[in-house]
Amino acid sequence: MRRTRGRWTVGVLAGALLLGACGDPEGDAGSATSTPYAPSPSPGSRSPGLSASAPASPGPSVSASSSPAPSASASRKAPTVLYLGDSLAMENQKVLGEELRRELGARYTGAPYSGTTLCDYLEGTDERSLVPDEDKAAALVREVRPDVVVLQFWGNAWGYTPCMDGITYDTSRARYFDRYASDARALTGQIAAAGGDRRPTVVWVLQGPDPITPDRVRRVNALYREQAAAASDAVADAGGVVSPAGDRHTWVRELPCTTYERTRPGHCTDPARGRTALHREDDYLHFCLAPTTSEPKPCPVRSPGILRMVREITRAVGALR
């Protein structure tokens, strides 16, 4: 995973600036699963980075401010959303911000860092972390005052990040899952403490299938569900919409096009066959259909897998209101 620096922030109010889209979020993806928790009221906005690879130099901060877009749910309070994660979050972050704004009128801050896992966002990891102190989860919660914190982590299993203390899935599976569960509890606790009496809801994003270690992702997703249930938080099954119907943990490179994709030019990558690409031929993990770059950044091209996932995350956030 690659380290990257930078924030992506979109504040939204009437008459607004709509950021350019990598995808066009609407359509007929399945519903996200969520556990109800009353989101705390709070305003705020700002944003960062993405990945699952090797170190890169910090990227520039980007910010934009605009007014909430009118929507059918305009009478309900627009949520403030903080998005943290690794390379998958990095490539998703721009499209997710657009979708949250379009559907929910959300104020959005994205702060993903490539190559990271849960412990990188814990305060107290110091130099062993790939995330600087100012972008730790608790620090951003204190600054942004979000209603919702969305966490998307593949579950760094190969020992890239120093804060895992060399514990990897291959060398010690029991220690890996114990440590991952412990970090999930600790991160939830730090987010809750930073929120104080305006404790944000945590939405854990469930991951898609892994062709190399399918049971690892199954167990990581189960861990996210357990943590969400224990803390009255929520999950978004974004991995479910990039899996074959009825076969949640089998990896595929492509899937049948959805109705939404079939009816919009360019959204179904192989309309003659009625199928759309989720991954590049040279990358089984990421969903961006553009080549990976040395410096991680949001995906620059329309990518069906990304659009499917961010719509599920948005559904889960919307279901909390």
# chains A, B, ... in the order shown; residues from 1 in each chain; ligands from 1

$ residues_around --residues "range 130-140 of chain A" --least-positions-apart "5" --cutoff "7 Å" --atoms "only C-alpha atoms" --output "list in words"
Arg3, Tyr113, Thr116, Asp120, Tyr121, Leu122, Glu123, Thr161, Gln190, Ile191 and Ala194 of chain A

$ write_last_selection --atoms "N, CA and C atoms" --output "PDB file, in the first residue's frame"
ATOM      1  N   ARG A   3       1.691   5.249   0.836  1.00  0.00           N
ATOM      2  CA  ARG A   3       1.332   6.369   1.701  1.00  0.00           C
ATOM      3  C   ARG A   3       1.039   7.580   0.840  1.00  0.00           C
ATOM      4  N   TYR A 113      -5.498   7.170   3.283  1.00  0.00           N
ATOM      5  CA  TYR A 113      -4.054   7.055   3.040  1.00  0.00           C
ATOM      6  C   TYR A 113      -3.759   5.657   2.511  1.00  0.00           C
ATOM      7  N   THR A 116      -2.562   1.764   4.351  1.00  0.00           N
ATOM      8  CA  THR A 116      -2.830   1.810   5.792  1.00  0.00           C
ATOM      9  C   THR A 116      -3.787   0.719   6.241  1.00  0.00           C
ATOM     10  N   ASP A 120      -3.175   2.518  11.872  1.00  0.00           N
ATOM     11  CA  ASP A 120      -2.565   3.761  11.393  1.00  0.00           C
ATOM     12  C   ASP A 120      -3.375   4.991  11.794  1.00  0.00           C
ATOM     13  N   TYR A 121      -4.679   4.817  11.989  1.00  0.00           N
ATOM     14  CA  TYR A 121      -5.552   5.933  12.365  1.00  0.00           C
ATOM     15  C   TYR A 121      -5.730   6.072  13.871  1.00  0.00           C
ATOM     16  N   LEU A 122      -5.065   5.223  14.650  1.00  0.00           N
ATOM     17  CA  LEU A 122      -5.149   5.322  16.110  1.00  0.00           C
ATOM     18  C   LEU A 122      -4.182   6.374  16.630  1.00  0.00           C
ATOM     19  N   GLU A 123      -4.637   7.202  17.549  1.00  0.00           N
ATOM     20  CA  GLU A 123      -3.716   8.109  18.227  1.00  0.00           C
ATOM     21  C   GLU A 123      -2.812   7.284  19.137  1.00  0.00           C
ATOM     22  N   THR A 161       2.410  -1.953   6.923  1.00  0.00           N
ATOM     23  CA  THR A 161       2.366  -0.828   7.860  1.00  0.00           C
ATOM     24  C   THR A 161       3.039  -1.187   9.192  1.00  0.00           C
ATOM     25  N   GLN A 190     -11.817   5.507  20.316  1.00  0.00           N
ATOM     26  CA  GLN A 190     -11.216   6.832  20.138  1.00  0.00           C
ATOM     27  C   GLN A 190     -12.146   7.775  19.375  1.00  0.00           C
ATOM     28  N   ILE A 191     -12.862   7.247  18.384  1.00  0.00           N
ATOM     29  CA  ILE A 191     -13.823   8.067  17.642  1.00  0.00           C
ATOM     30  C   ILE A 191     -14.945   8.524  18.572  1.00  0.00           C
ATOM     31  N   ALA A 194     -13.681  11.142  21.042  1.00  0.00           N
ATOM     32  CA  ALA A 194     -13.446  12.432  20.387  1.00  0.00           C
ATOM     33  C   ALA A 194     -14.758  13.147  20.085  1.00  0.00           C
TER      34      ALA A 194
END

$ closest_atom_pairs --of "range 92-198 of chain A" --to "range 281-305 of chain A" --cutoff "10 Å" --atoms "only C-alpha atoms" --output "CSV"
residue,atom,partner,partner_atom,distance
A:Asn92,CA,A:Pro298,CA,6.3
A:Gln93,CA,A:Pro298,CA,6.2
A:Lys94,CA,A:Pro298,CA,6.0
A:Val95,CA,A:Pro298,CA,8.4
A:Pro112,CA,A:Lys297,CA,9.8
A:Tyr113,CA,A:Pro296,CA,8.5
A:Ser114,CA,A:Pro296,CA,6.9
A:Gly115,CA,A:Pro296,CA,9.9
A:Trp154,CA,A:Leu285,CA,9.1

$ select_by_dssp --residues "range 105-271 of chain A" --states "strand (DSSP E or B)" --output "list in words"
Arg107, Tyr108, Thr109, Gly110, Val148, Val149, Val150, Leu151, Gln152, Thr201, Val202, Val203, Trp204, Val205, Ala234, Val235, Ala236, Glu254, Leu255, Pro256 and Asp270 of chain A

$ write_last_selection --atoms "N, CA, C and O atoms" --output "PDB file, in the first residue's frame"
ATOM      1  N   ARG A 107     -22.175  17.284   3.822  1.00  0.00           N
ATOM      2  CA  ARG A 107     -20.857  17.921   3.941  1.00  0.00           C
ATOM      3  C   ARG A 107     -19.882  16.773   4.093  1.00  0.00           C
ATOM      4  O   ARG A 107     -20.081  15.885   4.918  1.00  0.00           O
ATOM      5  N   TYR A 108     -18.808  16.788   3.337  1.00  0.00           N
ATOM      6  CA  TYR A 108     -17.961  15.593   3.189  1.00  0.00           C
ATOM      7  C   TYR A 108     -16.482  15.913   3.353  1.00  0.00           C
ATOM      8  O   TYR A 108     -15.980  16.898   2.819  1.00  0.00           O
ATOM      9  N   THR A 109     -15.792  15.071   4.110  1.00  0.00           N
ATOM     10  CA  THR A 109     -14.340  15.128   4.233  1.00  0.00           C
ATOM     11  C   THR A 109     -13.785  13.739   4.000  1.00  0.00           C
ATOM     12  O   THR A 109     -14.169  12.791   4.681  1.00  0.00           O
ATOM     13  N   GLY A 110     -12.902  13.599   3.028  1.00  0.00           N
ATOM     14  CA  GLY A 110     -12.252  12.320   2.765  1.00  0.00           C
ATOM     15  C   GLY A 110     -10.793  12.401   3.147  1.00  0.00           C
ATOM     16  O   GLY A 110     -10.099  13.316   2.739  1.00  0.00           O
ATOM     17  N   VAL A 148     -21.265  11.096  10.846  1.00  0.00           N
ATOM     18  CA  VAL A 148     -20.966   9.731  10.414  1.00  0.00           C
ATOM     19  C   VAL A 148     -19.486   9.635  10.063  1.00  0.00           C
ATOM     20  O   VAL A 148     -18.937  10.521   9.393  1.00  0.00           O
ATOM     21  N   VAL A 149     -18.833   8.553  10.514  1.00  0.00           N
ATOM     22  CA  VAL A 149     -17.468   8.243  10.101  1.00  0.00           C
ATOM     23  C   VAL A 149     -17.522   6.928   9.329  1.00  0.00           C
ATOM     24  O   VAL A 149     -17.897   5.892   9.877  1.00  0.00           O
ATOM     25  N   VAL A 150     -17.169   6.964   8.053  1.00  0.00           N
ATOM     26  CA  VAL A 150     -17.162   5.769   7.206  1.00  0.00           C
ATOM     27  C   VAL A 150     -15.740   5.223   7.159  1.00  0.00           C
ATOM     28  O   VAL A 150     -14.800   5.956   6.836  1.00  0.00           O
ATOM     29  N   LEU A 151     -15.591   3.940   7.486  1.00  0.00           N
ATOM     30  CA  LEU A 151     -14.276   3.290   7.513  1.00  0.00           C
ATOM     31  C   LEU A 151     -14.228   2.195   6.457  1.00  0.00           C
ATOM     32  O   LEU A 151     -15.035   1.262   6.480  1.00  0.00           O
ATOM     33  N   GLN A 152     -13.292   2.302   5.517  1.00  0.00           N
ATOM     34  CA  GLN A 152     -13.146   1.273   4.483  1.00  0.00           C
ATOM     35  C   GLN A 152     -11.702   0.786   4.447  1.00  0.00           C
ATOM     36  O   GLN A 152     -10.811   1.486   3.977  1.00  0.00           O
ATOM     37  N   THR A 201     -21.833   8.182  14.319  1.00  0.00           N
ATOM     38  CA  THR A 201     -22.059   6.790  13.956  1.00  0.00           C
ATOM     39  C   THR A 201     -20.892   6.330  13.088  1.00  0.00           C
ATOM     40  O   THR A 201     -20.471   7.043  12.186  1.00  0.00           O
ATOM     41  N   VAL A 202     -20.385   5.143  13.356  1.00  0.00           N
ATOM     42  CA  VAL A 202     -19.350   4.543  12.517  1.00  0.00           C
ATOM     43  C   VAL A 202     -20.024   3.594  11.532  1.00  0.00           C
ATOM     44  O   VAL A 202     -20.832   2.746  11.926  1.00  0.00           O
ATOM     45  N   VAL A 203     -19.711   3.738  10.260  1.00  0.00           N
ATOM     46  CA  VAL A 203     -20.189   2.810   9.233  1.00  0.00           C
ATOM     47  C   VAL A 203     -18.987   2.021   8.718  1.00  0.00           C
ATOM     48  O   VAL A 203     -18.063   2.588   8.134  1.00  0.00           O
ATOM     49  N   TRP A 204     -18.989   0.722   8.975  1.00  0.00           N
ATOM     50  CA  TRP A 204     -17.923  -0.168   8.522  1.00  0.00           C
ATOM     51  C   TRP A 204     -18.271  -0.686   7.125  1.00  0.00           C
ATOM     52  O   TRP A 204     -19.324  -1.281   6.920  1.00  0.00           O
ATOM     53  N   VAL A 205     -17.387  -0.462   6.165  1.00  0.00           N
ATOM     54  CA  VAL A 205     -17.638  -0.909   4.801  1.00  0.00           C
ATOM     55  C   VAL A 205     -17.142  -2.349   4.641  1.00  0.00           C
ATOM     56  O   VAL A 205     -15.960  -2.637   4.854  1.00  0.00           O
ATOM     57  N   ALA A 234     -23.055   0.753  12.280  1.00  0.00           N
ATOM     58  CA  ALA A 234     -23.664   0.255  11.047  1.00  0.00           C
ATOM     59  C   ALA A 234     -22.627  -0.355  10.121  1.00  0.00           C
ATOM     60  O   ALA A 234     -21.421  -0.134  10.279  1.00  0.00           O
ATOM     61  N   VAL A 235     -23.102  -1.139   9.164  1.00  0.00           N
ATOM     62  CA  VAL A 235     -22.251  -1.636   8.088  1.00  0.00           C
ATOM     63  C   VAL A 235     -22.873  -1.259   6.751  1.00  0.00           C
ATOM     64  O   VAL A 235     -24.079  -1.069   6.646  1.00  0.00           O
ATOM     65  N   ALA A 236     -22.028  -1.158   5.730  1.00  0.00           N
ATOM     66  CA  ALA A 236     -22.467  -0.960   4.349  1.00  0.00           C
ATOM     67  C   ALA A 236     -21.849  -2.088   3.537  1.00  0.00           C
ATOM     68  O   ALA A 236     -20.627  -2.192   3.458  1.00  0.00           O
ATOM     69  N   GLU A 254     -15.494  -9.468 -13.824  1.00  0.00           N
ATOM     70  CA  GLU A 254     -16.597  -8.729 -14.423  1.00  0.00           C
ATOM     71  C   GLU A 254     -17.922  -9.310 -13.959  1.00  0.00           C
ATOM     72  O   GLU A 254     -17.984 -10.429 -13.452  1.00  0.00           O
ATOM     73  N   LEU A 255     -18.973  -8.511 -14.117  1.00  0.00           N
ATOM     74  CA  LEU A 255     -20.321  -8.933 -13.726  1.00  0.00           C
ATOM     75  C   LEU A 255     -21.309  -8.486 -14.801  1.00  0.00           C
ATOM     76  O   LEU A 255     -21.004  -7.591 -15.603  1.00  0.00           O
ATOM     77  N   PRO A 256     -22.517  -9.074 -14.801  1.00  0.00           N
ATOM     78  CA  PRO A 256     -23.551  -8.570 -15.718  1.00  0.00           C
ATOM     79  C   PRO A 256     -23.820  -7.090 -15.435  1.00  0.00           C
ATOM     80  O   PRO A 256     -23.805  -6.646 -14.287  1.00  0.00           O
ATOM     81  N   ASP A 270     -18.810  -3.575 -21.689  1.00  0.00           N
ATOM     82  CA  ASP A 270     -18.927  -4.495 -22.826  1.00  0.00           C
ATOM     83  C   ASP A 270     -20.407  -4.720 -23.117  1.00  0.00           C
ATOM     84  O   ASP A 270     -20.977  -5.774 -22.829  1.00  0.00           O
TER      85      ASP A 270
END

$ residues_around --residues "Gln227 in chain A" --least-positions-apart "6" --cutoff "12 Å" --atoms "only C-alpha atoms" --output "PDB file with C-alpha atoms, in the first residue's frame"
ATOM      1  CA  THR A  35     -27.646  -1.177  12.134  1.00  0.00           C
ATOM      2  CA  TYR A 180      -7.447  -6.580  13.959  1.00  0.00           C
ATOM      3  CA  ALA A 181     -10.429  -7.010  16.284  1.00  0.00           C
ATOM      4  CA  SER A 182      -8.589  -5.192  19.064  1.00  0.00           C
ATOM      5  CA  ASP A 183      -7.751  -2.290  16.739  1.00  0.00           C
ATOM      6  CA  ALA A 184     -11.375  -2.091  15.566  1.00  0.00           C
ATOM      7  CA  ARG A 185     -12.518  -1.750  19.189  1.00  0.00           C
ATOM      8  CA  ALA A 186      -9.795   0.794  19.966  1.00  0.00           C
ATOM      9  CA  LEU A 187     -10.559   2.892  16.882  1.00  0.00           C
ATOM     10  CA  THR A 188     -14.280   2.905  17.682  1.00  0.00           C
ATOM     11  CA  GLY A 189     -13.458   3.958  21.250  1.00  0.00           C
ATOM     12  CA  VAL A 202     -19.350   4.543  12.517  1.00  0.00           C
ATOM     13  CA  VAL A 203     -20.189   2.810   9.233  1.00  0.00           C
ATOM     14  CA  TRP A 204     -17.923  -0.168   8.522  1.00  0.00           C
ATOM     15  CA  VAL A 205     -17.638  -0.909   4.801  1.00  0.00           C
ATOM     16  CA  LEU A 206     -17.667  -4.645   4.047  1.00  0.00           C
ATOM     17  CA  VAL A 220     -12.667  -9.471   8.295  1.00  0.00           C
ATOM     18  CA  ASN A 221     -16.231  -8.714   7.188  1.00  0.00           C
ATOM     19  CA  ASP A 233     -23.009   1.294  14.674  1.00  0.00           C
ATOM     20  CA  ALA A 234     -23.664   0.255  11.047  1.00  0.00           C
ATOM     21  CA  VAL A 235     -22.251  -1.636   8.088  1.00  0.00           C
TER      22      VAL A 235
END

$ residues_around --residues "Cys257 in chain A" --least-positions-apart "3" --cutoff "8 Å" --atoms "only C-alpha atoms" --output "PyMOL selection string"
chain A and resi 260-262+268+271+274-276

$ select_by_dssp --residues "range 103-161 of chain A" --states "helix (DSSP H, G or I)" --output "list in words"
Glu103, Leu104, Leu118, Cys119, Asp120, Tyr121, Asp126, Glu127, Arg128, Asp133, Glu134, Asp135, Ala137, Ala138, Ala139, Leu140, Val141, Arg142, Glu143 and Val144 of chain A

$ closest_residue --among "A:Leu307, A:Cys163, A:Ala230, A:Leu278" --to "Gly97 in chain A" --atoms "only C-alpha atoms"
A:Leu307

$ atom_distance --atom1 "CA of Met164 in chain A" --atom2 "CA of Pro200 in chain A"
25.8 Å

$ closest_residue --among "A:Met309, A:Ala106, A:Leu223, A:Val141" --to "Gly196 in chain A" --atoms "only C-alpha atoms"
A:Val141

$ closest_residue --among "A:Ile313, A:Pro209, A:Ile306, A:Pro79" --to "Arg101 in chain A" --atoms "only C-alpha atoms"
A:Pro79
